[in-house]
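Asker: Pasting start-v6.txt here (compact mmCIF, N, CA and C atoms):
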# COMPACT_ATOMS: atom_id res chain seq x y z
N MET F 296 -29.51 22.10 163.41
CA MET F 296 -30.93 21.92 163.59
C MET F 296 -31.17 21.29 164.96
N GLN F 297 -32.19 21.76 165.62
CA GLN F 297 -32.55 21.23 166.93
C GLN F 297 -34.06 21.03 167.00
N ALA F 298 -34.49 20.18 167.89
CA ALA F 298 -35.91 19.93 168.11
C ALA F 298 -36.08 19.33 169.50
N SER F 299 -37.32 19.25 169.93
CA SER F 299 -37.61 18.57 171.20
C SER F 299 -38.86 17.73 171.02
N VAL F 300 -38.98 16.72 171.85
CA VAL F 300 -40.17 15.88 171.88
C VAL F 300 -40.60 15.76 173.33
N LYS F 301 -41.88 16.03 173.58
CA LYS F 301 -42.39 16.00 174.94
C LYS F 301 -43.52 14.98 175.05
N TRP F 302 -43.45 14.17 176.06
CA TRP F 302 -44.52 13.21 176.35
C TRP F 302 -45.74 13.98 176.84
N VAL F 303 -46.91 13.65 176.27
CA VAL F 303 -48.15 14.32 176.67
C VAL F 303 -48.91 13.45 177.64
N ASP F 304 -49.27 12.23 177.19
CA ASP F 304 -50.04 11.31 178.02
C ASP F 304 -50.13 9.99 177.27
N GLY F 305 -50.18 8.91 178.01
CA GLY F 305 -50.32 7.61 177.37
C GLY F 305 -49.21 7.37 176.36
N ASP F 306 -49.59 7.21 175.10
CA ASP F 306 -48.62 6.97 174.03
C ASP F 306 -48.53 8.15 173.07
N THR F 307 -48.89 9.34 173.54
CA THR F 307 -48.90 10.53 172.70
C THR F 307 -47.76 11.46 173.08
N PHE F 308 -47.09 11.96 172.05
CA PHE F 308 -45.96 12.86 172.22
C PHE F 308 -46.13 14.03 171.26
N ILE F 309 -45.57 15.18 171.62
CA ILE F 309 -45.57 16.33 170.72
C ILE F 309 -44.12 16.72 170.45
N GLY F 310 -43.79 16.76 169.16
CA GLY F 310 -42.48 17.22 168.74
C GLY F 310 -42.58 18.70 168.40
N ARG F 311 -41.53 19.44 168.73
CA ARG F 311 -41.49 20.87 168.41
C ARG F 311 -40.17 21.15 167.71
N SER F 312 -40.29 21.69 166.50
CA SER F 312 -39.10 21.99 165.71
C SER F 312 -38.47 23.29 166.16
N GLU F 313 -37.23 23.48 165.76
CA GLU F 313 -36.51 24.72 166.06
C GLU F 313 -37.24 25.93 165.48
N SER F 314 -37.95 25.70 164.36
CA SER F 314 -38.69 26.79 163.72
C SER F 314 -40.04 27.06 164.39
N GLY F 315 -40.35 26.31 165.47
CA GLY F 315 -41.54 26.58 166.25
C GLY F 315 -42.79 25.82 165.84
N HIS F 316 -42.64 24.81 164.98
CA HIS F 316 -43.79 24.02 164.55
C HIS F 316 -43.96 22.78 165.41
N ASN F 317 -45.22 22.45 165.68
CA ASN F 317 -45.54 21.27 166.49
C ASN F 317 -46.08 20.15 165.61
N VAL F 318 -45.78 18.92 166.00
CA VAL F 318 -46.32 17.75 165.33
C VAL F 318 -46.63 16.71 166.41
N VAL F 319 -47.76 16.04 166.25
CA VAL F 319 -48.19 15.05 167.23
C VAL F 319 -47.79 13.66 166.74
N PHE F 320 -47.29 12.83 167.65
CA PHE F 320 -46.95 11.43 167.39
C PHE F 320 -47.79 10.58 168.33
N ASP F 321 -48.18 9.40 167.87
CA ASP F 321 -48.89 8.47 168.73
C ASP F 321 -48.39 7.06 168.45
N THR F 322 -47.93 6.40 169.48
CA THR F 322 -47.37 5.05 169.30
C THR F 322 -48.30 3.96 169.80
N GLY F 323 -49.48 4.34 170.27
CA GLY F 323 -50.38 3.36 170.87
C GLY F 323 -51.50 2.91 169.97
N ALA F 324 -52.38 2.13 170.57
CA ALA F 324 -53.52 1.56 169.85
C ALA F 324 -54.53 2.62 169.45
N ASP F 325 -54.53 3.76 170.16
CA ASP F 325 -55.48 4.83 169.84
C ASP F 325 -55.30 5.35 168.43
N GLY F 326 -54.05 5.43 168.00
CA GLY F 326 -53.76 5.92 166.67
C GLY F 326 -54.27 7.32 166.42
N ALA F 327 -54.15 8.19 167.42
CA ALA F 327 -54.63 9.56 167.29
C ALA F 327 -53.75 10.38 166.34
N ALA F 328 -52.57 9.90 166.05
CA ALA F 328 -51.63 10.60 165.18
C ALA F 328 -50.67 9.56 164.59
N PRO F 329 -49.88 9.95 163.60
CA PRO F 329 -48.92 8.99 163.01
C PRO F 329 -47.88 8.54 164.03
N SER F 330 -47.38 7.33 163.81
CA SER F 330 -46.27 6.82 164.62
C SER F 330 -44.96 7.41 164.09
N PRO F 331 -43.88 7.31 164.86
CA PRO F 331 -42.60 7.82 164.38
C PRO F 331 -42.18 7.18 163.04
N MET F 332 -42.41 5.89 162.85
CA MET F 332 -42.03 5.25 161.59
C MET F 332 -42.91 5.72 160.43
N GLU F 333 -44.19 5.97 160.71
CA GLU F 333 -45.05 6.54 159.66
C GLU F 333 -44.55 7.93 159.27
N MET F 334 -44.09 8.68 160.24
CA MET F 334 -43.55 10.01 159.96
C MET F 334 -42.29 9.93 159.10
N VAL F 335 -41.44 8.95 159.37
CA VAL F 335 -40.24 8.77 158.56
C VAL F 335 -40.63 8.45 157.12
N LEU F 336 -41.59 7.54 156.94
CA LEU F 336 -42.06 7.18 155.61
C LEU F 336 -42.63 8.40 154.88
N MET F 337 -43.50 9.13 155.56
CA MET F 337 -44.09 10.32 154.94
C MET F 337 -43.05 11.40 154.69
N SER F 338 -42.05 11.50 155.55
CA SER F 338 -40.99 12.48 155.35
C SER F 338 -40.20 12.19 154.08
N ALA F 339 -39.94 10.94 153.81
CA ALA F 339 -39.25 10.57 152.57
C ALA F 339 -40.11 10.96 151.37
N GLY F 340 -41.40 10.71 151.46
CA GLY F 340 -42.30 11.07 150.38
C GLY F 340 -42.40 12.57 150.17
N CYS F 341 -42.48 13.31 151.24
CA CYS F 341 -42.57 14.77 151.14
C CYS F 341 -41.28 15.36 150.58
N CYS F 342 -40.16 14.93 151.08
CA CYS F 342 -38.87 15.44 150.64
C CYS F 342 -38.70 15.22 149.14
N SER F 343 -39.00 14.01 148.69
CA SER F 343 -38.86 13.71 147.27
C SER F 343 -39.90 14.45 146.43
N SER F 344 -41.10 14.61 146.96
CA SER F 344 -42.15 15.33 146.23
C SER F 344 -41.77 16.79 146.01
N VAL F 345 -41.15 17.41 147.00
CA VAL F 345 -40.69 18.79 146.86
C VAL F 345 -39.74 18.89 145.66
N ASP F 346 -38.82 17.94 145.56
CA ASP F 346 -37.87 17.93 144.45
C ASP F 346 -38.58 17.76 143.12
N VAL F 347 -39.46 16.77 143.04
CA VAL F 347 -40.14 16.45 141.78
C VAL F 347 -40.98 17.63 141.31
N VAL F 348 -41.73 18.25 142.21
CA VAL F 348 -42.54 19.41 141.84
C VAL F 348 -41.64 20.54 141.34
N SER F 349 -40.58 20.83 142.06
CA SER F 349 -39.67 21.91 141.68
C SER F 349 -39.05 21.66 140.31
N ILE F 350 -38.59 20.46 140.07
CA ILE F 350 -37.94 20.12 138.80
C ILE F 350 -38.94 20.19 137.65
N LEU F 351 -40.15 19.68 137.86
CA LEU F 351 -41.16 19.73 136.81
C LEU F 351 -41.58 21.18 136.50
N LYS F 352 -41.68 22.01 137.53
CA LYS F 352 -42.02 23.42 137.30
C LYS F 352 -40.93 24.12 136.50
N LYS F 353 -39.67 23.85 136.85
CA LYS F 353 -38.55 24.45 136.11
C LYS F 353 -38.54 24.00 134.66
N ALA F 354 -39.03 22.79 134.40
CA ALA F 354 -39.11 22.26 133.03
C ALA F 354 -40.38 22.73 132.33
N LYS F 355 -41.11 23.63 133.00
CA LYS F 355 -42.34 24.22 132.46
C LYS F 355 -43.42 23.18 132.12
N GLN F 356 -43.47 22.13 132.95
CA GLN F 356 -44.51 21.12 132.79
C GLN F 356 -45.79 21.64 133.43
N GLN F 357 -46.92 21.37 132.80
CA GLN F 357 -48.21 21.86 133.26
C GLN F 357 -48.81 20.86 134.26
N ILE F 358 -48.26 20.85 135.46
CA ILE F 358 -48.73 19.91 136.47
C ILE F 358 -49.87 20.51 137.27
N GLU F 359 -50.82 19.67 137.63
CA GLU F 359 -51.96 20.09 138.44
C GLU F 359 -51.97 19.39 139.79
N ASN F 360 -51.41 18.18 139.82
CA ASN F 360 -51.40 17.42 141.07
C ASN F 360 -50.22 16.46 141.07
N VAL F 361 -49.57 16.37 142.20
CA VAL F 361 -48.49 15.39 142.39
C VAL F 361 -48.77 14.67 143.70
N GLU F 362 -48.87 13.36 143.61
CA GLU F 362 -49.07 12.54 144.80
C GLU F 362 -48.05 11.42 144.77
N VAL F 363 -47.45 11.15 145.91
CA VAL F 363 -46.55 10.01 145.99
C VAL F 363 -47.20 8.99 146.92
N LYS F 364 -47.37 7.78 146.40
CA LYS F 364 -47.96 6.69 147.18
C LYS F 364 -46.80 5.85 147.71
N LEU F 365 -46.74 5.75 149.03
CA LEU F 365 -45.61 5.11 149.69
C LEU F 365 -45.97 3.73 150.19
N THR F 366 -45.12 2.77 149.91
CA THR F 366 -45.28 1.43 150.48
C THR F 366 -43.94 1.05 151.11
N SER F 367 -44.01 0.22 152.14
CA SER F 367 -42.77 -0.17 152.81
C SER F 367 -42.90 -1.55 153.41
N GLU F 368 -41.76 -2.13 153.70
CA GLU F 368 -41.68 -3.38 154.46
C GLU F 368 -40.73 -3.13 155.61
N ARG F 369 -41.02 -3.79 156.74
CA ARG F 369 -40.19 -3.63 157.92
C ARG F 369 -39.67 -4.99 158.38
N ALA F 370 -38.58 -4.97 159.13
CA ALA F 370 -38.02 -6.19 159.70
C ALA F 370 -39.05 -6.82 160.63
N GLU F 371 -39.03 -8.14 160.70
CA GLU F 371 -39.99 -8.88 161.51
C GLU F 371 -39.76 -8.70 163.02
N SER F 372 -38.48 -8.55 163.41
CA SER F 372 -38.18 -8.45 164.83
C SER F 372 -37.49 -7.11 165.13
N ALA F 373 -37.45 -6.79 166.42
CA ALA F 373 -36.88 -5.52 166.85
C ALA F 373 -35.38 -5.47 166.58
N PRO F 374 -34.88 -4.36 166.18
CA PRO F 374 -35.62 -3.15 165.87
C PRO F 374 -36.31 -3.29 164.50
N ARG F 375 -37.55 -2.90 164.42
CA ARG F 375 -38.35 -3.10 163.21
C ARG F 375 -38.09 -1.98 162.19
N VAL F 376 -36.85 -1.98 161.72
CA VAL F 376 -36.44 -0.96 160.76
C VAL F 376 -37.07 -1.22 159.40
N PHE F 377 -37.10 -0.20 158.56
CA PHE F 377 -37.54 -0.40 157.18
C PHE F 377 -36.50 -1.24 156.45
N THR F 378 -36.96 -2.19 155.67
CA THR F 378 -36.07 -2.97 154.82
C THR F 378 -36.27 -2.61 153.35
N LYS F 379 -37.50 -2.22 153.00
CA LYS F 379 -37.82 -1.82 151.63
C LYS F 379 -38.79 -0.65 151.66
N MET F 380 -38.68 0.19 150.63
CA MET F 380 -39.57 1.33 150.50
C MET F 380 -39.73 1.64 149.02
N ASN F 381 -40.97 1.92 148.60
CA ASN F 381 -41.20 2.34 147.22
C ASN F 381 -41.95 3.66 147.24
N LEU F 382 -41.49 4.57 146.41
CA LEU F 382 -42.15 5.85 146.22
C LEU F 382 -42.72 5.84 144.81
N HIS F 383 -44.04 5.81 144.70
CA HIS F 383 -44.71 5.79 143.40
C HIS F 383 -45.37 7.15 143.16
N PHE F 384 -44.85 7.88 142.18
CA PHE F 384 -45.35 9.21 141.87
C PHE F 384 -46.46 9.15 140.85
N VAL F 385 -47.57 9.79 141.16
CA VAL F 385 -48.68 9.93 140.23
C VAL F 385 -48.82 11.42 139.95
N VAL F 386 -48.54 11.81 138.72
CA VAL F 386 -48.54 13.21 138.34
C VAL F 386 -49.67 13.46 137.35
N THR F 387 -50.53 14.39 137.69
CA THR F 387 -51.64 14.77 136.82
C THR F 387 -51.36 16.13 136.23
N GLY F 388 -51.64 16.26 134.93
CA GLY F 388 -51.44 17.54 134.28
C GLY F 388 -51.77 17.47 132.81
N THR F 389 -51.47 18.55 132.13
CA THR F 389 -51.72 18.64 130.70
C THR F 389 -50.40 18.49 129.95
N ASN F 390 -50.32 17.49 129.09
CA ASN F 390 -49.12 17.24 128.28
C ASN F 390 -47.86 17.08 129.12
N VAL F 391 -47.97 16.45 130.28
CA VAL F 391 -46.79 16.22 131.12
C VAL F 391 -45.92 15.15 130.44
N SER F 392 -44.67 15.47 130.27
CA SER F 392 -43.73 14.58 129.60
C SER F 392 -43.28 13.46 130.52
N GLU F 393 -43.47 12.22 130.07
CA GLU F 393 -43.01 11.04 130.80
C GLU F 393 -41.50 11.14 131.03
N LYS F 394 -40.79 11.62 130.03
CA LYS F 394 -39.33 11.76 130.10
C LYS F 394 -38.94 12.76 131.19
N HIS F 395 -39.62 13.89 131.25
CA HIS F 395 -39.32 14.89 132.28
C HIS F 395 -39.63 14.34 133.68
N LEU F 396 -40.74 13.63 133.81
CA LEU F 396 -41.09 13.06 135.11
C LEU F 396 -40.06 12.03 135.54
N ALA F 397 -39.68 11.14 134.63
CA ALA F 397 -38.68 10.12 134.96
C ALA F 397 -37.37 10.78 135.42
N ARG F 398 -36.98 11.84 134.75
CA ARG F 398 -35.74 12.54 135.10
C ARG F 398 -35.87 13.23 136.46
N ALA F 399 -37.03 13.83 136.72
CA ALA F 399 -37.25 14.49 138.01
C ALA F 399 -37.17 13.48 139.16
N VAL F 400 -37.79 12.33 138.98
CA VAL F 400 -37.76 11.29 140.02
C VAL F 400 -36.33 10.79 140.21
N GLN F 401 -35.62 10.59 139.11
CA GLN F 401 -34.24 10.12 139.19
C GLN F 401 -33.33 11.13 139.90
N LEU F 402 -33.47 12.40 139.57
CA LEU F 402 -32.66 13.43 140.23
C LEU F 402 -32.94 13.49 141.72
N SER F 403 -34.21 13.39 142.08
CA SER F 403 -34.56 13.39 143.50
C SER F 403 -33.91 12.20 144.20
N ALA F 404 -34.03 11.04 143.59
CA ALA F 404 -33.52 9.80 144.19
C ALA F 404 -32.00 9.79 144.32
N GLU F 405 -31.32 10.31 143.32
CA GLU F 405 -29.86 10.19 143.27
C GLU F 405 -29.10 11.41 143.80
N LYS F 406 -29.79 12.57 143.87
CA LYS F 406 -29.03 13.78 144.16
C LYS F 406 -29.63 14.69 145.23
N TYR F 407 -30.96 14.84 145.27
CA TYR F 407 -31.54 15.92 146.06
C TYR F 407 -32.25 15.54 147.35
N CYS F 408 -32.96 14.42 147.40
CA CYS F 408 -33.79 14.12 148.57
C CYS F 408 -32.93 13.61 149.72
N SER F 409 -32.64 14.50 150.66
CA SER F 409 -31.74 14.14 151.77
C SER F 409 -32.33 13.04 152.65
N VAL F 410 -33.64 13.01 152.82
CA VAL F 410 -34.26 11.98 153.66
C VAL F 410 -34.08 10.61 153.03
N ALA F 411 -34.46 10.47 151.76
CA ALA F 411 -34.34 9.17 151.09
C ALA F 411 -32.89 8.77 150.92
N LEU F 412 -32.03 9.72 150.62
CA LEU F 412 -30.61 9.39 150.46
C LEU F 412 -30.00 8.91 151.78
N MET F 413 -30.44 9.47 152.89
CA MET F 413 -29.97 9.02 154.19
C MET F 413 -30.48 7.59 154.47
N LEU F 414 -31.76 7.36 154.19
CA LEU F 414 -32.35 6.03 154.42
C LEU F 414 -31.77 4.98 153.49
N ASP F 415 -31.39 5.40 152.29
CA ASP F 415 -30.89 4.49 151.26
C ASP F 415 -29.63 3.74 151.71
N LYS F 416 -28.99 4.22 152.75
CA LYS F 416 -27.79 3.53 153.26
C LYS F 416 -28.15 2.17 153.85
N THR F 417 -29.40 2.00 154.30
CA THR F 417 -29.79 0.75 154.94
C THR F 417 -31.11 0.17 154.41
N VAL F 418 -31.83 0.94 153.59
CA VAL F 418 -33.14 0.52 153.09
C VAL F 418 -33.07 0.41 151.58
N LYS F 419 -33.65 -0.66 151.02
CA LYS F 419 -33.72 -0.78 149.56
C LYS F 419 -34.88 0.11 149.10
N ILE F 420 -34.55 1.24 148.50
CA ILE F 420 -35.55 2.21 148.06
C ILE F 420 -35.70 2.14 146.55
N THR F 421 -36.95 1.99 146.11
CA THR F 421 -37.24 2.00 144.68
C THR F 421 -38.22 3.13 144.39
N HIS F 422 -38.24 3.51 143.12
CA HIS F 422 -39.11 4.60 142.68
C HIS F 422 -39.86 4.16 141.43
N SER F 423 -41.09 4.61 141.30
CA SER F 423 -41.87 4.38 140.10
C SER F 423 -42.73 5.61 139.88
N HIS F 424 -43.33 5.68 138.69
CA HIS F 424 -44.10 6.89 138.38
C HIS F 424 -45.09 6.63 137.26
N GLU F 425 -46.09 7.51 137.20
CA GLU F 425 -47.05 7.48 136.10
C GLU F 425 -47.58 8.88 135.87
N VAL F 426 -47.93 9.14 134.62
CA VAL F 426 -48.55 10.41 134.26
C VAL F 426 -50.02 10.15 133.99
N VAL F 427 -50.86 11.00 134.55
CA VAL F 427 -52.30 10.92 134.32
C VAL F 427 -52.71 12.23 133.64
N ALA F 428 -53.31 12.11 132.46
CA ALA F 428 -53.75 13.30 131.74
C ALA F 428 -54.94 13.91 132.46
N SER F 429 -54.91 15.22 132.61
CA SER F 429 -56.04 15.88 133.28
C SER F 429 -57.21 15.92 132.33
N ASP F 430 -58.40 15.98 132.91
CA ASP F 430 -59.62 16.07 132.12
C ASP F 430 -59.79 17.51 131.67
N VAL F 431 -59.60 17.72 130.39
CA VAL F 431 -59.75 19.06 129.83
C VAL F 431 -61.18 19.20 129.32
N LYS F 432 -61.86 20.23 129.74
CA LYS F 432 -63.26 20.41 129.33
C LYS F 432 -63.37 21.54 128.36
Show me the file's structure as structure tokens.

Answerer:
Amino acid sequence: MQASVKWVDGDTFIGRSESGHNVVFDTGADGAAPSPMEMVLMSAGCCSSVDVVSILKKAKQQIENVEVKLTSERAESAPRVFTKMNLHFVVTGTNVSEKHLARAVQLSAEKYCSVALMLDKTVKITHSHEVVASDVK
């Protein structure tokens, strides 16, 4: 895998993936785009969400929405690496099994999510989850 990052102006950079996709980063006060650390946090959430959705679909769970709410703590001094991270999954659907969701989150955490597993070498990563019943009319 290859990528490039190009400085645009001020504190703004554009990353370009090998597959030709662009993403904007902003490290300044403008906050025109996510910072690199915000991207790492969101990448962990996205990677794990892909796993959870896939596993729940294979288990024939009737999911309508999956959101992961990410919280983190960083070191006080440079380098301000992540020290803690929590991925809290909120799954909405009809008759979604708590047991299936717990298993999906566990499999992602222990086996499938390459981003979180890579970060887990230096970051204390925890996972939590909840099922929200959809409003059936």

Asker: Between F:Ser403, F:Ser314, F:Thr421, F:Gln297, which is the closest to Ser349 (chain F) once you count only C-alpha atoms?

Answerer: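 Closest to Ser349 (chain F) of all the choices is F:Ser403.
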
Asker: Nearest to Lys379 (chain F): which of F:Lys416, F:Lys353, F:Lys394, F:Lys406 is it, counting only C-alpha atoms?

Answerer: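 Closest candidate: F:Lys416.
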
Asker: For Ala339 (chain F), which of F:Ser392, F:Thr417, F:Ser409, F:Ser299 is the closest residue, counting only N, CA and C atoms?

Answerer: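 Checking each of F:Ser392, F:Thr417, F:Ser409, F:Ser299 against Ala339 (chain F), counting only N, CA and C atoms, the winner is F:Ser409.
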
Asker: Kindly indicate which residue among F:Ser344, F:Gln356, F:Ser338, F:Ser423 lies nearest to Gly388 (chain F), using only C-alpha atoms for the distances.

Answerer: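 Ranking F:Ser344, F:Gln356, F:Ser338, F:Ser423 by distance to Gly388 (chain F), first place goes to F:Gln356.
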
Asker: Please compute the CA of Val426 (chain F)-CA of Glu368 (chain F) distance, one decimal, in Å.

Answerer: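 Separation of CA of Val426 (chain F) and CA of Glu368 (chain F): 25.4 Å.
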
Asker: May I have all residues of chain F that DSSP, computed from the backbone, assigns to helix (DSSP H, G or I), given as an NGL selection string?

Answerer: :F and (331-353 or 393-407 or 409-414)

Asker: Excluding Gly305 (chain F) and any residue of its chain fewer than 6 positions from it, enumerate the residues within 8 Å of it, using all atoms listed in the file, and give them as number ranges by chain.

Answerer: F: 321-323

Asker: Write a file of the selected residues as a PDB file, in the frame of the given file, keeping N, CA and C atoms.

Answerer:
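As written to disk, out-v2.pdb reads:
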ATOM      1  N   ASP F 321     -48.180   9.400 167.870  1.00  0.00           N
ATOM      2  CA  ASP F 321     -48.890   8.470 168.730  1.00  0.00           C
ATOM      3  C   ASP F 321     -48.390   7.060 168.450  1.00  0.00           C
ATOM      4  N   THR F 322     -47.930   6.400 169.480  1.00  0.00           N
ATOM      5  CA  THR F 322     -47.370   5.050 169.300  1.00  0.00           C
ATOM      6  C   THR F 322     -48.300   3.960 169.800  1.00  0.00           C
ATOM      7  N   GLY F 323     -49.480   4.340 170.270  1.00  0.00           N
ATOM      8  CA  GLY F 323     -50.380   3.360 170.870  1.00  0.00           C
ATOM      9  C   GLY F 323     -51.500   2.910 169.970  1.00  0.00           C
TER      10      GLY F 323
END

Asker: Kindly extract all protein, DNA and RNA residues lying within 6 Å of the coordinates (-45.2, 4.3, 139.5) given in the file, considering all atoms listed in the file, and supply them as a VMD selection string.

Answerer: chain F and resid 383 to 384 422 to 425

Asker: Distance CA of Val391 (chain F)-atom N of Ala404 (chain F), one decimal place?

Answerer: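 Spanning CA of Val391 (chain F) to atom N of Ala404 (chain F) is a straight-line distance of 18.6 Å.
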